[in-house]
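Raw run-v7.txt, compact mmCIF, N, CA and C atoms:
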```
# COMPACT_ATOMS: atom_id res chain seq x y z
N MET A 1 3.90 -32.15 80.19
CA MET A 1 3.50 -30.76 80.28
C MET A 1 4.72 -29.84 80.14
N LEU A 2 5.83 -30.22 80.75
CA LEU A 2 7.05 -29.41 80.66
C LEU A 2 7.55 -29.34 79.22
N ARG A 3 7.45 -30.46 78.52
CA ARG A 3 7.88 -30.50 77.12
C ARG A 3 7.00 -29.59 76.27
N GLU A 4 5.70 -29.63 76.53
CA GLU A 4 4.77 -28.77 75.81
C GLU A 4 5.10 -27.29 76.03
N PHE A 5 5.41 -26.94 77.28
CA PHE A 5 5.77 -25.57 77.60
C PHE A 5 7.05 -25.17 76.89
N ARG A 6 8.04 -26.06 76.88
CA ARG A 6 9.31 -25.79 76.20
C ARG A 6 9.08 -25.57 74.70
N ASP A 7 8.23 -26.39 74.07
CA ASP A 7 7.92 -26.21 72.65
C ASP A 7 7.21 -24.88 72.41
N PHE A 8 6.34 -24.49 73.33
CA PHE A 8 5.63 -23.22 73.23
C PHE A 8 6.60 -22.05 73.28
N VAL A 9 7.56 -22.11 74.21
CA VAL A 9 8.53 -21.03 74.37
C VAL A 9 9.49 -20.98 73.19
N LYS A 10 9.78 -22.10 72.59
CA LYS A 10 10.72 -22.15 71.47
C LYS A 10 10.15 -21.53 70.20
N ARG A 11 8.85 -21.40 70.12
CA ARG A 11 8.26 -20.78 68.94
C ARG A 11 8.83 -19.38 68.77
N GLY A 12 9.07 -18.99 67.55
CA GLY A 12 9.68 -17.69 67.28
C GLY A 12 8.84 -16.51 67.74
N ASN A 13 7.52 -16.60 67.61
CA ASN A 13 6.70 -15.45 67.97
C ASN A 13 6.70 -15.18 69.47
N VAL A 14 6.88 -16.18 70.31
CA VAL A 14 6.93 -15.95 71.75
C VAL A 14 8.22 -15.21 72.11
N VAL A 15 9.31 -15.60 71.52
CA VAL A 15 10.58 -14.92 71.77
C VAL A 15 10.52 -13.48 71.24
N ASP A 16 9.96 -13.30 70.07
CA ASP A 16 9.79 -11.96 69.52
C ASP A 16 8.94 -11.09 70.42
N LEU A 17 7.87 -11.68 70.96
CA LEU A 17 7.00 -10.94 71.87
C LEU A 17 7.74 -10.55 73.14
N ALA A 18 8.56 -11.44 73.66
CA ALA A 18 9.33 -11.12 74.87
C ALA A 18 10.32 -9.99 74.61
N VAL A 19 11.00 -10.04 73.48
CA VAL A 19 11.94 -8.97 73.13
C VAL A 19 11.20 -7.65 72.95
N ALA A 20 10.05 -7.68 72.28
CA ALA A 20 9.27 -6.46 72.08
C ALA A 20 8.78 -5.89 73.41
N LEU A 21 8.40 -6.75 74.33
CA LEU A 21 7.95 -6.30 75.65
C LEU A 21 9.08 -5.61 76.41
N ILE A 22 10.26 -6.21 76.39
CA ILE A 22 11.41 -5.61 77.08
C ILE A 22 11.78 -4.27 76.46
N LEU A 23 11.83 -4.22 75.13
CA LEU A 23 12.13 -2.96 74.46
C LEU A 23 11.04 -1.91 74.72
N GLY A 24 9.80 -2.34 74.76
CA GLY A 24 8.70 -1.43 75.05
C GLY A 24 8.79 -0.83 76.44
N ILE A 25 9.15 -1.64 77.41
CA ILE A 25 9.31 -1.14 78.78
C ILE A 25 10.45 -0.13 78.84
N ALA A 26 11.56 -0.46 78.20
CA ALA A 26 12.70 0.47 78.19
C ALA A 26 12.33 1.76 77.47
N PHE A 27 11.63 1.66 76.35
CA PHE A 27 11.21 2.85 75.62
C PHE A 27 10.25 3.68 76.45
N GLY A 28 9.36 3.02 77.18
CA GLY A 28 8.43 3.74 78.05
C GLY A 28 9.15 4.54 79.12
N ARG A 29 10.20 3.98 79.68
CA ARG A 29 10.99 4.71 80.68
C ARG A 29 11.68 5.92 80.06
N ILE A 30 12.18 5.74 78.85
CA ILE A 30 12.84 6.87 78.16
C ILE A 30 11.83 7.98 77.90
N VAL A 31 10.65 7.62 77.43
CA VAL A 31 9.63 8.62 77.14
C VAL A 31 9.18 9.31 78.42
N THR A 32 9.00 8.55 79.50
CA THR A 32 8.61 9.15 80.77
C THR A 32 9.66 10.14 81.24
N SER A 33 10.92 9.78 81.14
CA SER A 33 11.98 10.69 81.53
C SER A 33 12.00 11.91 80.62
N PHE A 34 11.78 11.71 79.32
CA PHE A 34 11.75 12.84 78.39
C PHE A 34 10.64 13.82 78.77
N VAL A 35 9.46 13.30 79.01
CA VAL A 35 8.32 14.18 79.34
C VAL A 35 8.54 14.85 80.68
N THR A 36 8.93 14.09 81.70
CA THR A 36 9.07 14.63 83.06
C THR A 36 10.28 15.55 83.21
N ASP A 37 11.40 15.16 82.66
CA ASP A 37 12.65 15.87 82.92
C ASP A 37 13.04 16.89 81.85
N ILE A 38 12.57 16.73 80.63
CA ILE A 38 12.99 17.63 79.56
C ILE A 38 11.84 18.48 79.02
N LEU A 39 10.69 17.87 78.76
CA LEU A 39 9.59 18.60 78.14
C LEU A 39 8.80 19.47 79.12
N MET A 40 8.47 18.93 80.28
CA MET A 40 7.59 19.65 81.20
C MET A 40 8.26 20.84 81.92
N PRO A 41 9.53 20.80 82.28
CA PRO A 41 10.11 21.99 82.92
C PRO A 41 10.02 23.26 82.07
N PRO A 42 10.35 23.25 80.78
CA PRO A 42 10.16 24.48 80.00
C PRO A 42 8.69 24.88 79.88
N VAL A 43 7.80 23.88 79.73
CA VAL A 43 6.38 24.20 79.65
C VAL A 43 5.92 24.84 80.96
N GLY A 44 6.37 24.29 82.09
CA GLY A 44 6.04 24.87 83.39
C GLY A 44 6.60 26.27 83.56
N LEU A 45 7.80 26.50 83.03
CA LEU A 45 8.42 27.82 83.12
C LEU A 45 7.61 28.84 82.32
N VAL A 46 7.20 28.46 81.12
CA VAL A 46 6.41 29.35 80.28
C VAL A 46 5.05 29.65 80.93
N LEU A 47 4.50 28.68 81.63
CA LEU A 47 3.19 28.86 82.28
C LEU A 47 3.30 29.48 83.67
N GLY A 48 4.43 30.07 84.00
CA GLY A 48 4.56 30.77 85.28
C GLY A 48 5.19 29.93 86.38
N ARG A 49 6.25 29.22 86.05
CA ARG A 49 7.01 28.41 87.00
C ARG A 49 6.13 27.36 87.70
N VAL A 50 5.37 26.63 86.91
CA VAL A 50 4.49 25.58 87.43
C VAL A 50 5.25 24.26 87.40
N ASP A 51 5.24 23.54 88.51
CA ASP A 51 5.80 22.19 88.57
C ASP A 51 4.63 21.22 88.48
N PHE A 52 4.46 20.58 87.33
CA PHE A 52 3.30 19.73 87.11
C PHE A 52 3.25 18.55 88.07
N ALA A 53 4.39 18.08 88.54
CA ALA A 53 4.40 16.96 89.47
C ALA A 53 3.79 17.35 90.81
N ASN A 54 3.71 18.63 91.13
CA ASN A 54 3.14 19.09 92.40
C ASN A 54 1.76 19.72 92.23
N LEU A 55 1.10 19.48 91.12
CA LEU A 55 -0.26 19.96 90.95
C LEU A 55 -1.20 18.88 91.49
N PHE A 56 -1.91 19.20 92.54
CA PHE A 56 -2.81 18.24 93.16
C PHE A 56 -3.90 18.97 93.92
N ILE A 57 -4.94 18.24 94.24
CA ILE A 57 -6.04 18.75 95.08
C ILE A 57 -6.09 17.88 96.31
N SER A 58 -6.01 18.51 97.46
CA SER A 58 -6.10 17.78 98.73
C SER A 58 -7.59 17.60 99.05
N LEU A 59 -8.01 16.38 99.30
CA LEU A 59 -9.41 16.10 99.55
C LEU A 59 -9.82 16.28 101.01
N ASN A 60 -8.86 16.50 101.90
CA ASN A 60 -9.23 16.69 103.30
C ASN A 60 -9.38 18.17 103.67
N GLY A 61 -9.26 19.06 102.69
CA GLY A 61 -9.49 20.48 102.92
C GLY A 61 -8.28 21.25 103.40
N GLN A 62 -7.20 20.59 103.75
CA GLN A 62 -5.99 21.29 104.19
C GLN A 62 -5.11 21.58 102.99
N ARG A 63 -4.25 22.59 103.16
CA ARG A 63 -3.31 22.96 102.08
C ARG A 63 -1.93 22.43 102.43
N TYR A 64 -1.24 21.90 101.42
CA TYR A 64 0.11 21.38 101.57
C TYR A 64 0.99 22.03 100.52
N PRO A 65 2.26 22.30 100.85
CA PRO A 65 3.13 22.97 99.88
C PRO A 65 3.52 22.08 98.70
N THR A 66 3.64 20.79 98.94
CA THR A 66 4.02 19.86 97.87
C THR A 66 3.20 18.60 97.98
N LEU A 67 3.21 17.83 96.93
CA LEU A 67 2.52 16.54 96.93
C LEU A 67 3.17 15.60 97.93
N GLN A 68 4.48 15.66 98.03
CA GLN A 68 5.20 14.81 98.98
C GLN A 68 4.75 15.11 100.40
N ALA A 69 4.58 16.38 100.74
CA ALA A 69 4.14 16.75 102.08
C ALA A 69 2.73 16.22 102.35
N ALA A 70 1.88 16.26 101.34
CA ALA A 70 0.52 15.74 101.50
C ALA A 70 0.55 14.23 101.70
N LYS A 71 1.41 13.54 100.99
CA LYS A 71 1.51 12.09 101.15
C LYS A 71 2.05 11.70 102.51
N VAL A 72 3.05 12.46 102.99
CA VAL A 72 3.61 12.19 104.31
C VAL A 72 2.53 12.37 105.38
N ALA A 73 1.67 13.39 105.19
CA ALA A 73 0.59 13.64 106.16
C ALA A 73 -0.55 12.64 106.00
N GLY A 74 -0.51 11.83 104.97
CA GLY A 74 -1.55 10.83 104.75
C GLY A 74 -2.83 11.40 104.17
N ALA A 75 -2.73 12.56 103.55
CA ALA A 75 -3.91 13.21 102.98
C ALA A 75 -4.29 12.56 101.65
N PRO A 76 -5.59 12.34 101.43
CA PRO A 76 -6.02 11.85 100.12
C PRO A 76 -5.94 12.98 99.11
N THR A 77 -5.38 12.69 97.95
CA THR A 77 -5.17 13.72 96.93
C THR A 77 -5.60 13.26 95.56
N ILE A 78 -5.95 14.22 94.74
CA ILE A 78 -6.17 13.99 93.31
C ILE A 78 -4.96 14.61 92.62
N ASN A 79 -4.13 13.79 92.01
CA ASN A 79 -2.86 14.23 91.43
C ASN A 79 -3.03 14.52 89.94
N TYR A 80 -3.63 15.62 89.61
CA TYR A 80 -3.91 15.93 88.21
C TYR A 80 -2.65 16.34 87.45
N GLY A 81 -1.62 16.80 88.12
CA GLY A 81 -0.36 17.13 87.43
C GLY A 81 0.35 15.87 86.94
N ILE A 82 0.40 14.87 87.77
CA ILE A 82 1.00 13.59 87.38
C ILE A 82 0.17 12.94 86.27
N PHE A 83 -1.15 13.07 86.38
CA PHE A 83 -2.04 12.56 85.34
C PHE A 83 -1.76 13.25 84.01
N PHE A 84 -1.54 14.55 84.02
CA PHE A 84 -1.22 15.30 82.81
C PHE A 84 0.10 14.80 82.21
N ASN A 85 1.09 14.56 83.06
CA ASN A 85 2.37 14.01 82.58
C ASN A 85 2.16 12.64 81.93
N THR A 86 1.31 11.83 82.53
CA THR A 86 1.04 10.49 81.99
C THR A 86 0.34 10.58 80.64
N ILE A 87 -0.58 11.53 80.50
CA ILE A 87 -1.24 11.73 79.21
C ILE A 87 -0.21 12.13 78.15
N LEU A 88 0.71 13.03 78.50
CA LEU A 88 1.75 13.41 77.55
C LEU A 88 2.65 12.22 77.20
N ASP A 89 2.97 11.39 78.19
CA ASP A 89 3.73 10.16 77.91
C ASP A 89 3.02 9.34 76.85
N PHE A 90 1.73 9.14 77.05
CA PHE A 90 0.94 8.33 76.12
C PHE A 90 0.95 8.94 74.73
N ILE A 91 0.76 10.25 74.63
CA ILE A 91 0.72 10.91 73.33
C ILE A 91 2.06 10.77 72.61
N VAL A 92 3.16 10.93 73.33
CA VAL A 92 4.49 10.78 72.71
C VAL A 92 4.69 9.35 72.23
N VAL A 93 4.35 8.36 73.07
CA VAL A 93 4.51 6.96 72.68
C VAL A 93 3.62 6.64 71.48
N ALA A 94 2.36 7.09 71.52
CA ALA A 94 1.44 6.81 70.41
C ALA A 94 1.95 7.44 69.11
N PHE A 95 2.51 8.64 69.20
CA PHE A 95 3.02 9.30 68.00
C PHE A 95 4.23 8.56 67.43
N VAL A 96 5.12 8.12 68.30
CA VAL A 96 6.29 7.37 67.83
C VAL A 96 5.87 6.04 67.22
N ILE A 97 4.92 5.36 67.84
CA ILE A 97 4.42 4.10 67.28
C ILE A 97 3.78 4.36 65.92
N PHE A 98 3.02 5.45 65.81
CA PHE A 98 2.42 5.81 64.53
C PHE A 98 3.50 6.00 63.46
N LEU A 99 4.58 6.71 63.81
CA LEU A 99 5.66 6.94 62.85
C LEU A 99 6.33 5.63 62.44
N VAL A 100 6.55 4.74 63.40
CA VAL A 100 7.19 3.45 63.10
C VAL A 100 6.29 2.61 62.20
N VAL A 101 5.01 2.51 62.54
CA VAL A 101 4.08 1.71 61.74
C VAL A 101 3.93 2.30 60.34
N ARG A 102 3.91 3.61 60.27
CA ARG A 102 3.80 4.28 58.97
C ARG A 102 5.01 3.94 58.09
N GLN A 103 6.20 3.96 58.70
CA GLN A 103 7.41 3.63 57.93
C GLN A 103 7.42 2.17 57.52
N ILE A 104 6.98 1.28 58.40
CA ILE A 104 6.92 -0.14 58.06
C ILE A 104 5.95 -0.36 56.91
N ASN A 105 4.80 0.31 56.96
CA ASN A 105 3.83 0.17 55.87
C ASN A 105 4.39 0.69 54.55
N ARG A 106 5.17 1.75 54.60
CA ARG A 106 5.79 2.26 53.37
C ARG A 106 6.78 1.25 52.80
N MET A 107 7.54 0.60 53.68
CA MET A 107 8.54 -0.37 53.23
C MET A 107 7.87 -1.62 52.68
N ARG A 108 6.69 -1.97 53.19
CA ARG A 108 6.01 -3.18 52.75
C ARG A 108 5.37 -3.03 51.37
N ARG A 109 5.04 -1.81 51.03
CA ARG A 109 4.41 -1.60 49.73
C ARG A 109 5.35 -2.06 48.62
N GLU A 110 4.84 -2.93 47.81
CA GLU A 110 5.64 -3.42 46.68
C GLU A 110 5.22 -2.64 45.45
N SER A 111 6.18 -2.37 44.59
CA SER A 111 5.83 -1.70 43.35
C SER A 111 5.10 -2.71 42.46
N PRO A 112 4.09 -2.25 41.76
CA PRO A 112 3.31 -3.18 40.93
C PRO A 112 4.14 -3.76 39.80
N THR A 113 3.85 -5.01 39.45
CA THR A 113 4.55 -5.67 38.35
C THR A 113 3.66 -5.78 37.12
N THR A 114 2.36 -5.54 37.30
CA THR A 114 1.43 -5.60 36.17
C THR A 114 0.57 -4.34 36.15
N ARG A 115 -0.07 -4.13 35.01
CA ARG A 115 -1.03 -3.04 34.85
C ARG A 115 -2.14 -3.53 33.94
N GLU A 116 -3.17 -2.73 33.84
CA GLU A 116 -4.32 -3.12 33.05
C GLU A 116 -4.21 -2.56 31.63
N CYS A 117 -4.53 -3.38 30.65
CA CYS A 117 -4.55 -2.92 29.26
C CYS A 117 -5.72 -1.95 29.11
N PRO A 118 -5.49 -0.77 28.53
CA PRO A 118 -6.59 0.19 28.39
C PRO A 118 -7.66 -0.22 27.37
N TYR A 119 -7.39 -1.24 26.57
CA TYR A 119 -8.33 -1.64 25.51
C TYR A 119 -9.16 -2.86 25.91
N CYS A 120 -8.51 -3.87 26.49
CA CYS A 120 -9.26 -5.10 26.80
C CYS A 120 -9.35 -5.38 28.31
N ALA A 121 -8.70 -4.58 29.13
CA ALA A 121 -8.74 -4.68 30.60
C ALA A 121 -8.07 -5.93 31.15
N SER A 122 -7.25 -6.60 30.35
CA SER A 122 -6.51 -7.74 30.89
C SER A 122 -5.21 -7.22 31.52
N LEU A 123 -4.64 -8.03 32.41
CA LEU A 123 -3.39 -7.63 33.08
C LEU A 123 -2.21 -7.93 32.17
N ILE A 124 -1.34 -6.94 32.04
CA ILE A 124 -0.14 -7.08 31.22
C ILE A 124 1.07 -6.66 32.06
N PRO A 125 2.27 -7.13 31.71
CA PRO A 125 3.45 -6.69 32.46
C PRO A 125 3.61 -5.18 32.39
N ILE A 126 4.18 -4.61 33.42
CA ILE A 126 4.30 -3.16 33.54
C ILE A 126 5.11 -2.55 32.40
N LYS A 127 6.10 -3.29 31.88
CA LYS A 127 6.96 -2.76 30.81
C LYS A 127 6.48 -3.11 29.41
N ALA A 128 5.34 -3.77 29.31
CA ALA A 128 4.85 -4.22 27.99
C ALA A 128 4.50 -3.04 27.10
N THR A 129 4.75 -3.22 25.79
CA THR A 129 4.37 -2.20 24.81
C THR A 129 3.25 -2.72 23.91
N ARG A 130 2.93 -4.02 24.02
CA ARG A 130 1.84 -4.61 23.26
C ARG A 130 1.11 -5.60 24.17
N CYS A 131 -0.22 -5.56 24.13
CA CYS A 131 -1.03 -6.45 24.96
C CYS A 131 -1.03 -7.85 24.35
N PRO A 132 -0.69 -8.90 25.14
CA PRO A 132 -0.69 -10.25 24.58
C PRO A 132 -2.10 -10.79 24.31
N SER A 133 -3.11 -10.18 24.92
CA SER A 133 -4.49 -10.67 24.71
C SER A 133 -5.14 -10.08 23.47
N CYS A 134 -5.07 -8.75 23.34
CA CYS A 134 -5.76 -8.10 22.22
C CYS A 134 -4.79 -7.56 21.17
N THR A 135 -3.51 -7.68 21.42
CA THR A 135 -2.41 -7.24 20.54
C THR A 135 -2.40 -5.75 20.26
N SER A 136 -3.05 -4.98 21.11
CA SER A 136 -3.06 -3.52 20.93
C SER A 136 -1.73 -2.94 21.38
N GLN A 137 -1.34 -1.88 20.70
CA GLN A 137 -0.15 -1.13 21.07
C GLN A 137 -0.49 -0.33 22.34
N VAL A 138 0.32 -0.44 23.41
CA VAL A 138 0.09 0.32 24.65
C VAL A 138 1.34 1.12 24.97
N GLN A 139 1.13 2.22 25.64
CA GLN A 139 2.27 3.07 26.04
C GLN A 139 3.03 2.38 27.18
N PRO A 140 4.36 2.34 27.13
CA PRO A 140 5.11 1.75 28.25
C PRO A 140 4.95 2.61 29.50
N ALA A 141 4.95 1.95 30.62
CA ALA A 141 4.76 2.67 31.90
C ALA A 141 6.01 3.44 32.28
```

For this file, produce the structure as structure tokens.
Amino acid sequence: MLREFRDFVKRGNVVDLAVALILGIAFGRIVTSFVTDILMPPVGLVLGRVDFANLFISLNGQRYPTLQAAKVAGAPTINYGIFFNTILDFIVVAFVIFLVVRQINRMRRESPTTRECPYCASLIPIKATRCPSCTSQVQPA
């Protein structure tokens, strides 16, 4: 069983997955810091000095100055400001992943090596000036 596990771990895709997971976690921390520390303070300032991390609803009916004070008092809260930050984290990560996948797809596209003859519809090399099947003169691509 140990040998089987070792063979499983030695496969390239498992190692690649582990590296991707570690990089993903690090990237997630960077994005969280970007949203919390860089993006949200100016947005909060524009919206009237709002600190999104302290936007919450206390479910016990009492008012607390900060979320930390509510937690210390043991009050149940709905933390919609933190939820909003998390949604922004997700949107930033999803957008970056979209950009990366889009670039990878662009790089994977291979330029065509053949084209269709306009007269007989057979495939001919892209640089051909005469079709080998019907011998028609074709315009070079």

Q: Any chance you could list, as a PyMOL selection string, the residues in chain A that come up helix (DSSP H, G or I) when DSSP is run on the backbone?
A: chain A and resi 2-10+12-46+52-54+67-72+80-108

Q: Counting only N, CA and C atoms, figure out which residue out of A:Ile25, A:Val19, A:Val31, A:Val46 gets nearest to Leu88 (chain A).
A: A:Val31

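When all atoms listed in the file are used to measure the gap to Thr32 (chain A), the shortest distance among A:Leu67, A:Ile57, A:Val72, A:Val93 belongs to A:Val93.
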
Q) Counting only N, CA and C atoms, which of A:Val92, A:Ala141, A:Met107, A:Leu2 gets nearest to Pro125 (chain A)? A) A:Ala141

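The shell of residues at most 8 Å from Phe52 (chain A), with only N, CA and C atoms counted and near chain neighbours (fewer than 4 positions) removed, consists of Met40, Pro41, Val43, Gly44, Phe56, Asn79, Tyr80, Gly81, Ile82, Phe83, Phe84 and Asn85 of chain A.
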
Q) Can you tell me how far CA of Ala73 (chain A) sits from CA of Gly61 (chain A), in Å to one decimal? A) 12.6 Å

Q | Who sits within 12 Å of Thr135 (chain A), only C-alpha atoms, same chain under 3 positions skipped, as a ChimeraX atom specification | A | /A:117-120,122,124,128-132,138

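Taking only region 2-105 of chain A, the residues that DSSP calls strand (DSSP E) from the backbone come to Ile57, Ser58, Thr77 and Ile78 of chain A.
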
Please put the answer as JSON: centre and edge lengths, in Å with one decimal, of a box along x, y and z that encloses all listed atoms of region 110-119 of chain A plus 4 Å on each side.
```
{"center_x": -1.5, "center_y": -2.8, "center_z": 36.7, "size_x": 23.3, "size_y": 14.0, "size_z": 30.3}
```

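The interatomic distance for the pair CA of Ile78 (chain A) and CA of Leu59 (chain A) works out to 7.3 Å.
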
Q: Could you tell me how far CA of Ala20 (chain A) lies from CA of Arg3 (chain A), in Å and to one decimal?
A: 24.6 Å
